[in-house]
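Trainee: Dumping the structure here so I can ask a few things about it.
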Amino acid sequence: VHSPTVAFTVDCLKPDTHVYRVTLDARGFGPGPHEVELPVWTPGAYEIQDYARHLFDVRARSPEGKPLPLDKVRKNAWRLEATDDAFTVTYQVYANQLDVDTSHLDGTHAYWNGATLFVYVDGRKDLPVDVYIKAPAGWRVSTGLDGDPNDLWHYRAPNYDILVDCPVEIGTHRVYTFDVDMKPHTVAIWGHGNQDDDRLVADTRRIVETQAAMFGGLPYAHYTFIYHLADHWGGLEHLNSTTCLMPRESFKPWKAYRRVLGLIAHEFFHLWNVKRIHPEQLGPFDYNREVHTHLLWAMEGFTDYYAALTLRRAGLFSVTDYLQVLAEDIKRYEGLPGRYVMDLAWSSFDTWIKLYKPNEDSANRSISYYLKGHLVGLLMDLEIRRRTDNRRSLDDVLRLLYERWGREGRGFPERVYQETVEEVAGGSMADFFARYITGVDELPLDAMLDTAGLRIHRLTKNPDLHPGEDDDEAEDRSLVSDPPVAWIGAHLALKDAKVVAEWVATPGPAAEQLYAGDELIALDGRRVTDPKHVTERIRADKRPGDTVTVTAFRRGELITRDIVLGEAQPNTYRITRVDDPTPAQQATYQSWLAASWPD
Ligand SMILES: [Zn+2]
């Protein structure tokens with residue numbers, strides 16, 4: 001009797017077909033019916049993807065090559081009848097979607113996310129897995145999987161979870177390496193844009209060093225960054241690797257590149273926060289269905305918070321960069337009516353059917369646990385610092401969770417999160433959690449930033465009032481607000497050369513008057529052909545409280561509505577230091593932002 005073994009061969013020898021040919025060799029499972037199953041989702045991307053929809057030509061054979069009976073029994077499961085100790089299952093996978101949680105095969109490369117490619121047998125996700133790769137001549141492999149030093153095309157995972165946690169990039173991509181803490185790091189870059197590879201690698205290294213310093217080391221033997229330069233954004237975290245998908249022209253100018261750095265810092269930080277520090281629902285995983293946790297605000301929102309903060313600590317962001325990124329997030333957050341409807345715990349739990357399945361009403365009734373979670377991370381950090389005179393911080397919460405649970409990869413019961421925050425803060429945080437995590441109270445951003453000597457300015461900038469103003473003049477009145485401008489309350493976009501209401505703010509001036517999907521054709525009897533014209537005409541000719549007459553097509557039928565205009569949200573958010581800081585404000589600013597004040 002042999003103990004069961006599992007080996008896959010992945011054949012990417014016909015890349016232009018976009019089809020992987022996969023062979024599973026299973027031994028030691030014994031005769032009888034066996035079930036093989038493919039995940040319906042990928043950890044980290046909380047969306048049912050039904051990867052089995054890309055599988056075809058599934059067959060089972062005996063070791064002698066004799067066909068074995070095979071039935072499909074569920075959307076992602078097959079049952080086969082083996083007569084022997086061993087059997088082989090072959091199938092093909094169509095892979096032509098370039099995203100971090102899908103697989104892509106074409107003439108330039110092979111990229112796979114293992115959940116799309118590898119089945120498991122009889123629930124035996126505990127078994128070690130061998131992977132043999134067949135790829136075109138001249139291609140090479142970059143992955144977090146451990147390789148066979150004697151065979152460049154042979155990799156091995158200690159279990160199925162690790163197998164699908166290690167995406168694989170194969171092709172002629174550029175490969176760069178560096179060591180931090182004597183651990184090798186690989187940066188694999190596929191695609192070309194306005195990036196500077198050397199700078200990208202150097203900045204990546206700086207992120208690794210800074211975040212390693214926060215946790216006191218690196219908990220892996222080696223790490224692989226897979227960077228895809230293409231035409232949209234994406235990122236997915238893994239135990240010892242990440243895939244970051246970035247628009248090819250996003251590396252210049254500096255403000256665009258800040259988002260690149262933010263993505264890399266976010267995904268790398270995840271190797272601690274969510275891959276190792278996580279609630280018990282997030283690993284080991286059930287690949288068959290949704291898994292629910294109330295804590296994604298801590299897993300994702302806090303990761304966003306630390307992405308920006310560690311870039312500041314790394315010196316890659318100036319204080320100005322950091323505060324600009326923060327001000328932008330506060331502005332986005334304050335533009336969303338859904339912040340008064342959905343709390344963070346609910347947003348986390350329902351991500352499968354809310355955040356990942358948005359509709360035209362989402363901004364009104366839901367809130368992103370990334371966006372609000374980022375701001376609550378800031379509040380929690382400043383609150384801990386306030387209570388402890390800067391002796392403790394949110395860093396200590398994460399380090400404690402890592403030491404007690406994450407180091408061994410143990411998931412914790414959800415209540416542990418608040419308990420750990422309270423332990424670090426030295427007292428109850430029940431009120432904080434009730435207001436900002438399970439409640440929808442307005443976030444006390446102004447009051448908490450004041451503890452660090454910072455002030456949020458919510459400004460209206462109306463270019464109509466300053467014709468011919470040059471940059472210096474604009475800078476001189478940078479903290480002076482123009483009077484509020486009028487707002488129609490609908491977010492308009494150009495679709496098929498039509499001005500369409502994408503969503504209608506509820507509550508808001510156009511609520512119950514306009515519907516999402518209405519096609520605006522005239523304002524006060526004059527034609528509109530561009531969303532910008534609507535904004536500009538209202539800004540120039542109207543005041544809050546004035547009425548406009550909107551003519552629109554609704555499902556092709558003409559309607560007319562009189563709308564009383566509201567007040568637009570300020571369009572420029574800035575965060576500045578107060579003029580006469582107290583020693584306490586200076587101390588918080590300095591320890592939090594790793595910067596001196598006075599400079
Ligand atoms: Zn994330």
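For the structure tokens, the naming scheme is as follows: chains receive sequential letters (A, B, ...) according to their order of presentation, residues are indexed from 1 within each chain, and ligands are indexed from 1 in presentation order.
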Using only C-alpha atoms and all ligand atoms, which residues of the polymer chains come no farther than 7 Å from ligand 1? I'd like the answer as a list in words.

Mentor: Leu236, Glu237, His266, Glu267, His270, Glu300 and Thr303 of chain A

Trainee: Could you write out that same residue set with N, CA and C atoms as a PDB file, in the first residue's frame?

Mentor:
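Result written to selection_37.pdb:
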```
ATOM      1  N   LEU A 236      -3.137  40.986  -5.839  1.00  0.00           N
ATOM      2  CA  LEU A 236      -3.561  39.876  -4.988  1.00  0.00           C
ATOM      3  C   LEU A 236      -2.381  39.432  -4.145  1.00  0.00           C
ATOM      4  N   GLU A 237      -2.686  39.213  -2.864  1.00  0.00           N
ATOM      5  CA  GLU A 237      -1.662  38.890  -1.883  1.00  0.00           C
ATOM      6  C   GLU A 237      -1.520  37.382  -1.734  1.00  0.00           C
ATOM      7  N   HIS A 266       0.730  47.861  -0.309  1.00  0.00           N
ATOM      8  CA  HIS A 266      -0.485  47.193   0.176  1.00  0.00           C
ATOM      9  C   HIS A 266      -0.329  45.674   0.064  1.00  0.00           C
ATOM     10  N   GLU A 267       0.027  45.199  -1.105  1.00  0.00           N
ATOM     11  CA  GLU A 267       0.087  43.747  -1.316  1.00  0.00           C
ATOM     12  C   GLU A 267       1.176  43.111  -0.473  1.00  0.00           C
ATOM     13  N   HIS A 270       0.193  42.675   3.161  1.00  0.00           N
ATOM     14  CA  HIS A 270      -0.732  41.563   3.342  1.00  0.00           C
ATOM     15  C   HIS A 270      -0.043  40.265   3.759  1.00  0.00           C
ATOM     16  N   GLU A 300      -8.283  44.614   5.036  1.00  0.00           N
ATOM     17  CA  GLU A 300      -8.039  45.418   3.831  1.00  0.00           C
ATOM     18  C   GLU A 300      -7.873  46.907   4.125  1.00  0.00           C
ATOM     19  N   THR A 303      -4.727  47.539   5.873  1.00  0.00           N
ATOM     20  CA  THR A 303      -3.619  47.322   4.936  1.00  0.00           C
ATOM     21  C   THR A 303      -3.434  48.556   4.058  1.00  0.00           C
TER      22      THR A 303
END
```

Trainee: Using DSSP on the backbone, list every residue of range 141-360 of chain A that comes out as strand (DSSP E or B), and give them as a PyMOL selection string.

Mentor: chain A and resi 141-143+146-148+151-157+168-171+174-180+183-190+223-230+234-237+241-247+273+277+279

Trainee: How about saving the chosen residues, N, CA and C atoms kept, as a compact mmCIF listing (two decimals), in the first residue's frame?

Mentor:
```txt
# COMPACT_ATOMS: atom_id res chain seq x y z
N VAL A 141 10.64 30.49 -15.43
CA VAL A 141 9.58 30.46 -14.43
C VAL A 141 9.92 31.38 -13.26
N SER A 142 8.93 32.19 -12.83
CA SER A 142 9.05 32.94 -11.58
C SER A 142 7.83 32.63 -10.72
N THR A 143 8.05 32.18 -9.50
CA THR A 143 6.94 31.81 -8.62
C THR A 143 7.41 31.71 -7.18
N ASP A 146 8.43 26.39 -4.20
CA ASP A 146 9.80 25.91 -4.09
C ASP A 146 10.15 25.10 -5.33
N GLY A 147 11.32 25.40 -5.90
CA GLY A 147 11.75 24.70 -7.10
C GLY A 147 12.67 23.54 -6.78
N ASP A 148 12.83 22.69 -7.76
CA ASP A 148 13.75 21.56 -7.68
C ASP A 148 15.10 22.04 -8.22
N ASP A 151 15.98 20.49 -11.50
CA ASP A 151 15.06 20.50 -12.65
C ASP A 151 14.29 21.82 -12.65
N LEU A 152 14.65 22.71 -13.58
CA LEU A 152 14.04 24.04 -13.64
C LEU A 152 12.55 24.00 -13.89
N TRP A 153 12.04 22.86 -14.31
CA TRP A 153 10.62 22.76 -14.69
C TRP A 153 9.81 21.96 -13.67
N HIS A 154 10.41 21.71 -12.51
CA HIS A 154 9.74 20.93 -11.48
C HIS A 154 9.60 21.77 -10.20
N TYR A 155 8.37 21.90 -9.71
CA TYR A 155 8.11 22.65 -8.48
C TYR A 155 7.30 21.77 -7.53
N ARG A 156 7.30 22.17 -6.27
CA ARG A 156 6.64 21.34 -5.28
C ARG A 156 5.97 22.21 -4.21
N ALA A 157 4.75 21.84 -3.85
CA ALA A 157 4.04 22.54 -2.77
C ALA A 157 3.75 21.53 -1.67
N VAL A 168 2.03 31.64 -10.80
CA VAL A 168 3.22 31.30 -11.57
C VAL A 168 3.27 32.16 -12.84
N GLU A 169 4.43 32.76 -13.07
CA GLU A 169 4.67 33.55 -14.28
C GLU A 169 5.74 32.83 -15.10
N ILE A 170 5.44 32.55 -16.35
CA ILE A 170 6.39 31.85 -17.21
C ILE A 170 6.50 32.63 -18.52
N GLY A 171 7.71 32.89 -18.97
CA GLY A 171 7.86 33.61 -20.23
C GLY A 171 9.24 34.22 -20.34
N ARG A 174 11.37 40.19 -17.65
CA ARG A 174 12.63 40.59 -16.99
C ARG A 174 12.60 40.10 -15.54
N VAL A 175 13.75 39.66 -15.06
CA VAL A 175 13.85 39.15 -13.69
C VAL A 175 14.96 39.89 -12.96
N TYR A 176 14.62 40.47 -11.80
CA TYR A 176 15.59 41.16 -10.95
C TYR A 176 15.57 40.50 -9.57
N THR A 177 16.70 40.53 -8.90
CA THR A 177 16.74 39.92 -7.58
C THR A 177 17.46 40.83 -6.58
N PHE A 178 17.08 40.73 -5.34
CA PHE A 178 17.81 41.41 -4.26
C PHE A 178 17.59 40.61 -2.98
N ASP A 179 18.46 40.83 -1.99
CA ASP A 179 18.32 40.17 -0.69
C ASP A 179 17.97 41.18 0.38
N VAL A 180 17.06 40.82 1.25
CA VAL A 180 16.82 41.58 2.48
C VAL A 180 16.82 40.56 3.61
N LYS A 183 17.34 37.03 2.77
CA LYS A 183 16.31 36.27 2.06
C LYS A 183 16.25 36.77 0.62
N PRO A 184 16.25 35.85 -0.35
CA PRO A 184 16.20 36.28 -1.75
C PRO A 184 14.81 36.75 -2.16
N HIS A 185 14.76 37.86 -2.89
CA HIS A 185 13.53 38.42 -3.44
C HIS A 185 13.67 38.52 -4.96
N THR A 186 12.62 38.12 -5.65
CA THR A 186 12.62 38.17 -7.10
C THR A 186 11.55 39.15 -7.57
N VAL A 187 11.90 40.01 -8.51
CA VAL A 187 10.90 40.88 -9.14
C VAL A 187 10.82 40.45 -10.61
N ALA A 188 9.66 39.96 -11.01
CA ALA A 188 9.43 39.51 -12.39
C ALA A 188 8.51 40.51 -13.07
N ILE A 189 8.98 41.17 -14.11
CA ILE A 189 8.19 42.22 -14.76
C ILE A 189 7.83 41.80 -16.18
N TRP A 190 6.54 41.72 -16.44
CA TRP A 190 6.03 41.38 -17.77
C TRP A 190 5.32 42.60 -18.34
N TYR A 223 10.72 35.37 -1.62
CA TYR A 223 9.51 36.11 -1.99
C TYR A 223 9.60 36.51 -3.46
N THR A 224 8.45 36.45 -4.14
CA THR A 224 8.41 36.79 -5.57
C THR A 224 7.35 37.86 -5.85
N PHE A 225 7.77 38.96 -6.46
CA PHE A 225 6.84 39.99 -6.94
C PHE A 225 6.61 39.75 -8.43
N ILE A 226 5.38 39.53 -8.83
CA ILE A 226 5.05 39.43 -10.25
C ILE A 226 4.34 40.73 -10.65
N TYR A 227 4.98 41.52 -11.50
CA TYR A 227 4.40 42.79 -11.94
C TYR A 227 3.94 42.65 -13.39
N HIS A 228 2.65 42.85 -13.61
CA HIS A 228 2.10 42.84 -14.96
C HIS A 228 1.82 44.27 -15.37
N LEU A 229 2.41 44.72 -16.47
CA LEU A 229 2.15 46.06 -16.99
C LEU A 229 1.19 45.90 -18.16
N ALA A 230 -0.05 46.37 -17.97
CA ALA A 230 -1.05 46.18 -19.02
C ALA A 230 -1.97 47.40 -19.07
N GLY A 234 -4.93 45.81 -10.57
CA GLY A 234 -5.34 44.66 -9.79
C GLY A 234 -4.19 44.29 -8.86
N GLY A 235 -4.52 43.58 -7.79
CA GLY A 235 -3.46 43.13 -6.90
C GLY A 235 -3.98 41.98 -6.07
N LEU A 236 -3.14 40.99 -5.84
CA LEU A 236 -3.56 39.88 -4.99
C LEU A 236 -2.38 39.43 -4.15
N GLU A 237 -2.69 39.21 -2.86
CA GLU A 237 -1.66 38.89 -1.88
C GLU A 237 -1.52 37.38 -1.73
N SER A 241 4.43 35.73 -2.08
CA SER A 241 4.46 36.34 -3.40
C SER A 241 3.26 37.25 -3.55
N THR A 242 3.27 38.04 -4.61
CA THR A 242 2.11 38.85 -4.96
C THR A 242 2.09 39.04 -6.47
N THR A 243 0.90 39.25 -7.00
CA THR A 243 0.79 39.70 -8.38
C THR A 243 0.19 41.10 -8.35
N CYS A 244 0.87 42.05 -9.00
CA CYS A 244 0.37 43.42 -9.11
C CYS A 244 0.18 43.74 -10.58
N LEU A 245 -1.04 44.12 -10.92
CA LEU A 245 -1.38 44.45 -12.30
C LEU A 245 -1.55 45.96 -12.37
N MET A 246 -0.81 46.60 -13.29
CA MET A 246 -0.79 48.06 -13.32
C MET A 246 -0.89 48.57 -14.75
N PRO A 247 -1.61 49.67 -14.95
CA PRO A 247 -1.63 50.26 -16.30
C PRO A 247 -0.21 50.62 -16.73
N ASN A 273 -0.66 40.94 7.27
CA ASN A 273 -2.06 41.25 7.58
C ASN A 273 -3.01 40.61 6.57
N ILE A 277 -1.95 37.10 9.83
CA ILE A 277 -2.88 37.63 10.84
C ILE A 277 -4.27 37.61 10.22
N PRO A 279 -8.73 36.27 10.79
CA PRO A 279 -9.77 35.55 11.53
C PRO A 279 -9.87 34.11 11.02
```

Trainee: Extract, using only C-alpha atoms, all DNA, RNA and protein residues at most 10 Å from Leu323 in chain A, discarding same-chain residues fewer than 2 positions from it, and format them as a VMD selection string.

Mentor: chain A and resid 308 to 309 312 317 to 321 325 to 329 454 456 573 to 576 593

Trainee: With all heavy atoms retained, write the just-selected residues as a short mmCIF file (atom, residue, chain, number, x, y, z; two decimals), in the first residue's frame.

Mentor:
```cif
data_model
loop_
_atom_site.label_atom_id
_atom_site.label_comp_id
_atom_site.auth_asym_id
_atom_site.auth_seq_id
_atom_site.Cartn_x
_atom_site.Cartn_y
_atom_site.Cartn_z
N ALA A 308 0.11 53.38 2.91
CA ALA A 308 0.51 54.79 2.83
C ALA A 308 1.48 55.15 3.95
O ALA A 308 2.49 55.83 3.72
CB ALA A 308 -0.75 55.67 2.91
N LEU A 309 1.21 54.67 5.17
CA LEU A 309 2.04 55.05 6.31
C LEU A 309 3.46 54.48 6.18
O LEU A 309 4.45 55.15 6.50
CB LEU A 309 1.39 54.58 7.61
CG LEU A 309 2.00 55.13 8.89
CD1 LEU A 309 1.93 56.66 8.93
CD2 LEU A 309 1.30 54.53 10.11
N ARG A 312 5.46 56.44 3.82
CA ARG A 312 5.98 57.63 4.51
C ARG A 312 7.20 57.26 5.35
O ARG A 312 8.24 57.90 5.28
CB ARG A 312 4.86 58.24 5.37
CG ARG A 312 5.28 59.29 6.35
CD ARG A 312 5.95 60.51 5.69
NE ARG A 312 7.03 61.01 6.54
CZ ARG A 312 8.28 61.23 6.14
NH1 ARG A 312 8.64 60.99 4.89
NH2 ARG A 312 9.18 61.67 6.97
N PHE A 317 7.33 58.45 0.44
CA PHE A 317 6.36 59.54 0.47
C PHE A 317 6.90 60.63 1.39
O PHE A 317 7.36 60.33 2.50
CB PHE A 317 5.01 59.09 1.05
CG PHE A 317 4.07 58.42 0.08
CD1 PHE A 317 4.49 58.03 -1.19
CD2 PHE A 317 2.75 58.17 0.45
CE1 PHE A 317 3.60 57.40 -2.07
CE2 PHE A 317 1.86 57.55 -0.43
CZ PHE A 317 2.29 57.16 -1.69
N SER A 318 6.82 61.88 0.96
CA SER A 318 7.04 62.99 1.88
C SER A 318 5.80 63.13 2.76
O SER A 318 4.76 62.51 2.47
CB SER A 318 7.26 64.28 1.08
OG SER A 318 6.06 64.62 0.39
N VAL A 319 5.90 63.93 3.81
CA VAL A 319 4.71 64.20 4.62
C VAL A 319 3.61 64.78 3.72
O VAL A 319 2.43 64.43 3.84
CB VAL A 319 5.04 65.14 5.79
CG1 VAL A 319 3.76 65.60 6.49
CG2 VAL A 319 5.96 64.44 6.79
N THR A 320 4.00 65.65 2.81
CA THR A 320 3.02 66.25 1.88
C THR A 320 2.33 65.19 1.05
O THR A 320 1.11 65.19 0.89
CB THR A 320 3.72 67.28 0.97
OG1 THR A 320 4.37 68.23 1.79
CG2 THR A 320 2.71 67.97 0.06
N ASP A 321 3.11 64.25 0.50
CA ASP A 321 2.50 63.14 -0.27
C ASP A 321 1.50 62.39 0.60
O ASP A 321 0.38 62.12 0.18
CB ASP A 321 3.58 62.14 -0.72
CG ASP A 321 4.47 62.68 -1.82
OD1 ASP A 321 3.93 63.33 -2.73
OD2 ASP A 321 5.69 62.43 -1.76
N VAL A 325 -2.57 62.12 -0.10
CA VAL A 325 -3.27 60.85 -0.32
C VAL A 325 -4.40 60.70 0.71
O VAL A 325 -5.52 60.30 0.37
CB VAL A 325 -2.27 59.67 -0.23
CG1 VAL A 325 -2.99 58.33 -0.16
CG2 VAL A 325 -1.32 59.69 -1.44
N LEU A 326 -4.11 61.05 1.96
CA LEU A 326 -5.12 60.96 3.01
C LEU A 326 -6.29 61.91 2.72
O LEU A 326 -7.47 61.53 2.84
CB LEU A 326 -4.48 61.28 4.36
CG LEU A 326 -5.38 61.23 5.59
CD1 LEU A 326 -6.00 59.85 5.75
CD2 LEU A 326 -4.58 61.61 6.85
N ALA A 327 -5.98 63.14 2.32
CA ALA A 327 -7.04 64.13 2.03
C ALA A 327 -7.93 63.64 0.89
O ALA A 327 -9.15 63.82 0.93
CB ALA A 327 -6.40 65.47 1.69
N GLU A 328 -7.34 63.02 -0.12
CA GLU A 328 -8.13 62.49 -1.23
C GLU A 328 -9.10 61.41 -0.75
O GLU A 328 -10.25 61.34 -1.19
CB GLU A 328 -7.20 61.89 -2.31
CG GLU A 328 -6.71 62.89 -3.33
CD GLU A 328 -7.83 63.68 -4.01
OE1 GLU A 328 -8.77 63.06 -4.55
OE2 GLU A 328 -7.77 64.92 -3.98
N ASP A 329 -8.63 60.54 0.14
CA ASP A 329 -9.50 59.48 0.65
C ASP A 329 -10.63 60.05 1.51
O ASP A 329 -11.76 59.58 1.47
CB ASP A 329 -8.70 58.43 1.43
CG ASP A 329 -8.23 57.29 0.52
OD1 ASP A 329 -8.44 57.40 -0.70
OD2 ASP A 329 -7.66 56.31 1.03
N LEU A 454 -2.92 68.67 13.10
CA LEU A 454 -3.29 68.79 11.68
C LEU A 454 -4.73 69.24 11.55
O LEU A 454 -5.58 68.92 12.39
CB LEU A 454 -3.08 67.45 10.96
CG LEU A 454 -1.63 66.97 10.91
CD1 LEU A 454 -1.57 65.55 10.34
CD2 LEU A 454 -0.78 67.91 10.05
N ILE A 456 -7.99 69.72 8.69
CA ILE A 456 -8.54 69.43 7.36
C ILE A 456 -9.23 70.67 6.83
O ILE A 456 -10.07 71.27 7.53
CB ILE A 456 -9.57 68.28 7.42
CG1 ILE A 456 -9.02 67.05 8.13
CG2 ILE A 456 -10.05 67.91 6.01
CD1 ILE A 456 -10.07 65.99 8.43
N TYR A 573 -9.67 69.12 -0.95
CA TYR A 573 -9.39 68.85 0.46
C TYR A 573 -7.88 68.99 0.68
O TYR A 573 -7.07 68.45 -0.07
CB TYR A 573 -9.81 67.41 0.82
CG TYR A 573 -11.29 67.26 1.15
CD1 TYR A 573 -12.27 67.87 0.38
CD2 TYR A 573 -11.69 66.46 2.22
CE1 TYR A 573 -13.61 67.70 0.68
CE2 TYR A 573 -13.03 66.28 2.52
CZ TYR A 573 -14.00 66.90 1.75
OH TYR A 573 -15.33 66.73 2.04
N ARG A 574 -7.54 69.74 1.73
CA ARG A 574 -6.12 69.86 2.08
C ARG A 574 -5.96 69.66 3.57
O ARG A 574 -6.86 69.97 4.36
CB ARG A 574 -5.59 71.25 1.68
CG ARG A 574 -5.56 71.44 0.16
CD ARG A 574 -4.64 72.58 -0.22
NE ARG A 574 -3.31 72.40 0.34
CZ ARG A 574 -2.44 73.40 0.50
NH1 ARG A 574 -2.76 74.62 0.17
NH2 ARG A 574 -1.25 73.15 1.00
N ILE A 575 -4.83 69.10 3.96
CA ILE A 575 -4.52 68.92 5.38
C ILE A 575 -3.24 69.69 5.67
O ILE A 575 -2.23 69.49 4.98
CB ILE A 575 -4.34 67.43 5.73
CG1 ILE A 575 -5.63 66.65 5.43
CG2 ILE A 575 -3.96 67.26 7.20
CD1 ILE A 575 -5.51 65.16 5.58
N THR A 576 -3.29 70.59 6.63
CA THR A 576 -2.11 71.39 6.96
C THR A 576 -1.84 71.34 8.46
O THR A 576 -2.70 70.96 9.25
CB THR A 576 -2.32 72.88 6.58
OG1 THR A 576 -3.42 73.39 7.35
CG2 THR A 576 -2.63 73.02 5.10
N LEU A 593 4.20 60.21 12.04
CA LEU A 593 4.60 60.43 10.64
C LEU A 593 6.10 60.26 10.41
O LEU A 593 6.57 60.47 9.28
CB LEU A 593 4.16 61.82 10.18
CG LEU A 593 2.64 62.02 10.06
CD1 LEU A 593 2.32 63.45 9.67
CD2 LEU A 593 2.05 61.05 9.04
#
```

Trainee: Taking only range 208-454 of chain A into account, list the residues labelled helix (DSSP H, G or I) by DSSP (computed from the backbone), as a ChimeraX atom specification.

Mentor: /A:208-215,254-269,280-282,296-313,319-334,337-340,344-349,362-365,371-387,394-404,406-408,415-425,430-436,445-450

Trainee: Range 54-154 of chain A near range 27-44 of chain A within 8 Å: what's each residue's closest atom pair and its distance in Å to one decimal, counting only C-alpha atoms, ordered by chain then ascending residue number, as CSV?

Mentor:
```
residue,atom,partner,partner_atom,distance
A:Asn76,CA,A:Leu38,CA,5.4
A:Ala77,CA,A:Glu37,CA,4.3
A:Trp78,CA,A:Val36,CA,5.4
A:Arg79,CA,A:Glu35,CA,4.4
A:Leu80,CA,A:His34,CA,5.4
A:Glu81,CA,A:Pro33,CA,4.5
A:Ala82,CA,A:Pro31,CA,5.0
A:Thr83,CA,A:Pro31,CA,4.9
A:Asp84,CA,A:Pro31,CA,4.8
A:Asp85,CA,A:Gly30,CA,4.2
A:Ala86,CA,A:Arg27,CA,4.2
A:Phe87,CA,A:Arg27,CA,6.6
A:Asp101,CA,A:Thr42,CA,6.5
A:Ala115,CA,A:Pro39,CA,5.7
A:Thr116,CA,A:Pro39,CA,7.2
A:Leu117,CA,A:Leu38,CA,7.8
A:Phe118,CA,A:Leu38,CA,6.6
A:Val119,CA,A:Leu38,CA,4.6
A:Tyr120,CA,A:Val36,CA,5.4
A:Val121,CA,A:Val36,CA,4.5
A:Asp122,CA,A:Glu35,CA,5.1
A:Gly123,CA,A:Val36,CA,7.9
```

Trainee: If we count only C-alpha atoms and set the cut-off at 10 Å, which residues sit around Gly439 in chain A, ignoring sequence neighbours fewer than 2 positions away in its own chain? Please answer as a list in words.

Mentor: Arg339, Tyr340, Val341, Met342, Asp343, Leu344, Ala345, Trp346, Asp431, Phe432, Phe433, Ala434, Arg435, Tyr436, Ile437, Asp441 and Glu442 of chain A

Trainee: Listing only residues of range 294-395 of chain A within 7 Å of range 409-429 of chain A, what is the closest atom pair and its distance in Å (to one decimal) for each, using only C-alpha atoms, sorted by chain and residue number ascending, as JSON lines?

Mentor:
```
{"residue": "A:Ile384", "atom": "CA", "partner": "A:Ala425", "partner_atom": "CA", "distance": 5.0}
{"residue": "A:Arg387", "atom": "CA", "partner": "A:Ala425", "partner_atom": "CA", "distance": 6.4}
{"residue": "A:Thr388", "atom": "CA", "partner": "A:Ala425", "partner_atom": "CA", "distance": 6.7}
{"residue": "A:Arg392", "atom": "CA", "partner": "A:Val424", "partner_atom": "CA", "distance": 6.8}
```

Trainee: Kindly give the distance, in Å, that separates CA of Ser103 in chain A and CA of Val58 in chain A, rounded to a single decimal.

Mentor: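 Distance reported for this atom pair: 18.2 Å.
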
Trainee: Could you tell me which of A:Thr438, A:Ser362, A:Ser393, A:Thr108 comes closest to Ser348 in chain A if we count only C-alpha atoms?

Mentor: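 Nearest to Ser348 in chain A: A:Thr438.
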
Trainee: List the neighbours of Pro581 in chain A out to 10 Å using only C-alpha atoms; skip same-chain residues closer than 6 positions along the sequence, and give me the result as a list in words.

Mentor: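 So, after excluding close chain neighbours, the residues are Asp450, Thr451, Ala452, Gly453, Leu454, Ala587, Tyr589, Trp597 and Pro598 of chain A.
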
Trainee: Let me make sure I understand: among A:Ala510, A:Thr293, A:Cys12, A:Lys72, which one has the smallest atom-to-atom distance to Leu55 in chain A if we use only C-alpha atoms?

Mentor: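 Comparing A:Ala510, A:Thr293, A:Cys12, A:Lys72 against Leu55 in chain A, the winner is A:Lys72.
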
Trainee: Rank A:Lys498, A:Asp579, A:Lys75, A:Glu249 by their smallest atom-to-atom distance to Asp530 in chain A, using only C-alpha atoms, and report the top residue only.

Mentor: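 Using only C-alpha atoms, the shortest distance to Asp530 in chain A belongs to A:Lys498.
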
Trainee: Which polymer residues have any atom within 9 Å of an atom of Glu360 in chain A, counting only C-alpha atoms, with same-chain residues fewer than 2 positions away left out, as a VMD selection string?

Mentor: chain A and resid 358 362 to 364 502 to 504 516 to 517

Trainee: How would the residues just chosen look if you wrote them out with N, CA and C atoms as an mmCIF file, in the first residue's frame?

Mentor:
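out33.cif written:
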```cif
data_model
loop_
_atom_site.group_PDB
_atom_site.id
_atom_site.type_symbol
_atom_site.label_atom_id
_atom_site.label_comp_id
_atom_site.auth_asym_id
_atom_site.auth_seq_id
_atom_site.Cartn_x
_atom_site.Cartn_y
_atom_site.Cartn_z
ATOM 1 N N PRO A 358 -21.325 45.493 -7.360
ATOM 2 C CA PRO A 358 -21.929 46.811 -7.198
ATOM 3 C C PRO A 358 -23.037 47.043 -8.226
ATOM 4 N N SER A 362 -25.092 51.590 -5.355
ATOM 5 C CA SER A 362 -24.136 51.197 -4.303
ATOM 6 C C SER A 362 -23.622 52.386 -3.491
ATOM 7 N N ALA A 363 -23.361 53.500 -4.149
ATOM 8 C CA ALA A 363 -22.802 54.646 -3.430
ATOM 9 C C ALA A 363 -23.788 55.172 -2.379
ATOM 10 N N ASN A 364 -25.067 54.927 -2.582
ATOM 11 C CA ASN A 364 -26.085 55.423 -1.651
ATOM 12 C C ASN A 364 -26.276 54.530 -0.432
ATOM 13 N N GLU A 502 -25.352 58.261 -14.103
ATOM 14 C CA GLU A 502 -24.801 56.965 -13.666
ATOM 15 C C GLU A 502 -25.358 56.568 -12.312
ATOM 16 N N TRP A 503 -25.371 57.510 -11.390
ATOM 17 C CA TRP A 503 -26.082 57.277 -10.143
ATOM 18 C C TRP A 503 -26.635 58.591 -9.638
ATOM 19 N N VAL A 504 -27.704 58.492 -8.904
ATOM 20 C CA VAL A 504 -28.384 59.668 -8.365
ATOM 21 C C VAL A 504 -28.201 59.633 -6.857
ATOM 22 N N ALA A 516 -31.226 56.653 -12.115
ATOM 23 C CA ALA A 516 -30.003 56.183 -12.772
ATOM 24 C C ALA A 516 -30.403 55.608 -14.125
ATOM 25 N N GLY A 517 -29.668 55.984 -15.159
ATOM 26 C CA GLY A 517 -29.986 55.515 -16.510
ATOM 27 C C GLY A 517 -30.689 56.565 -17.356
#
```
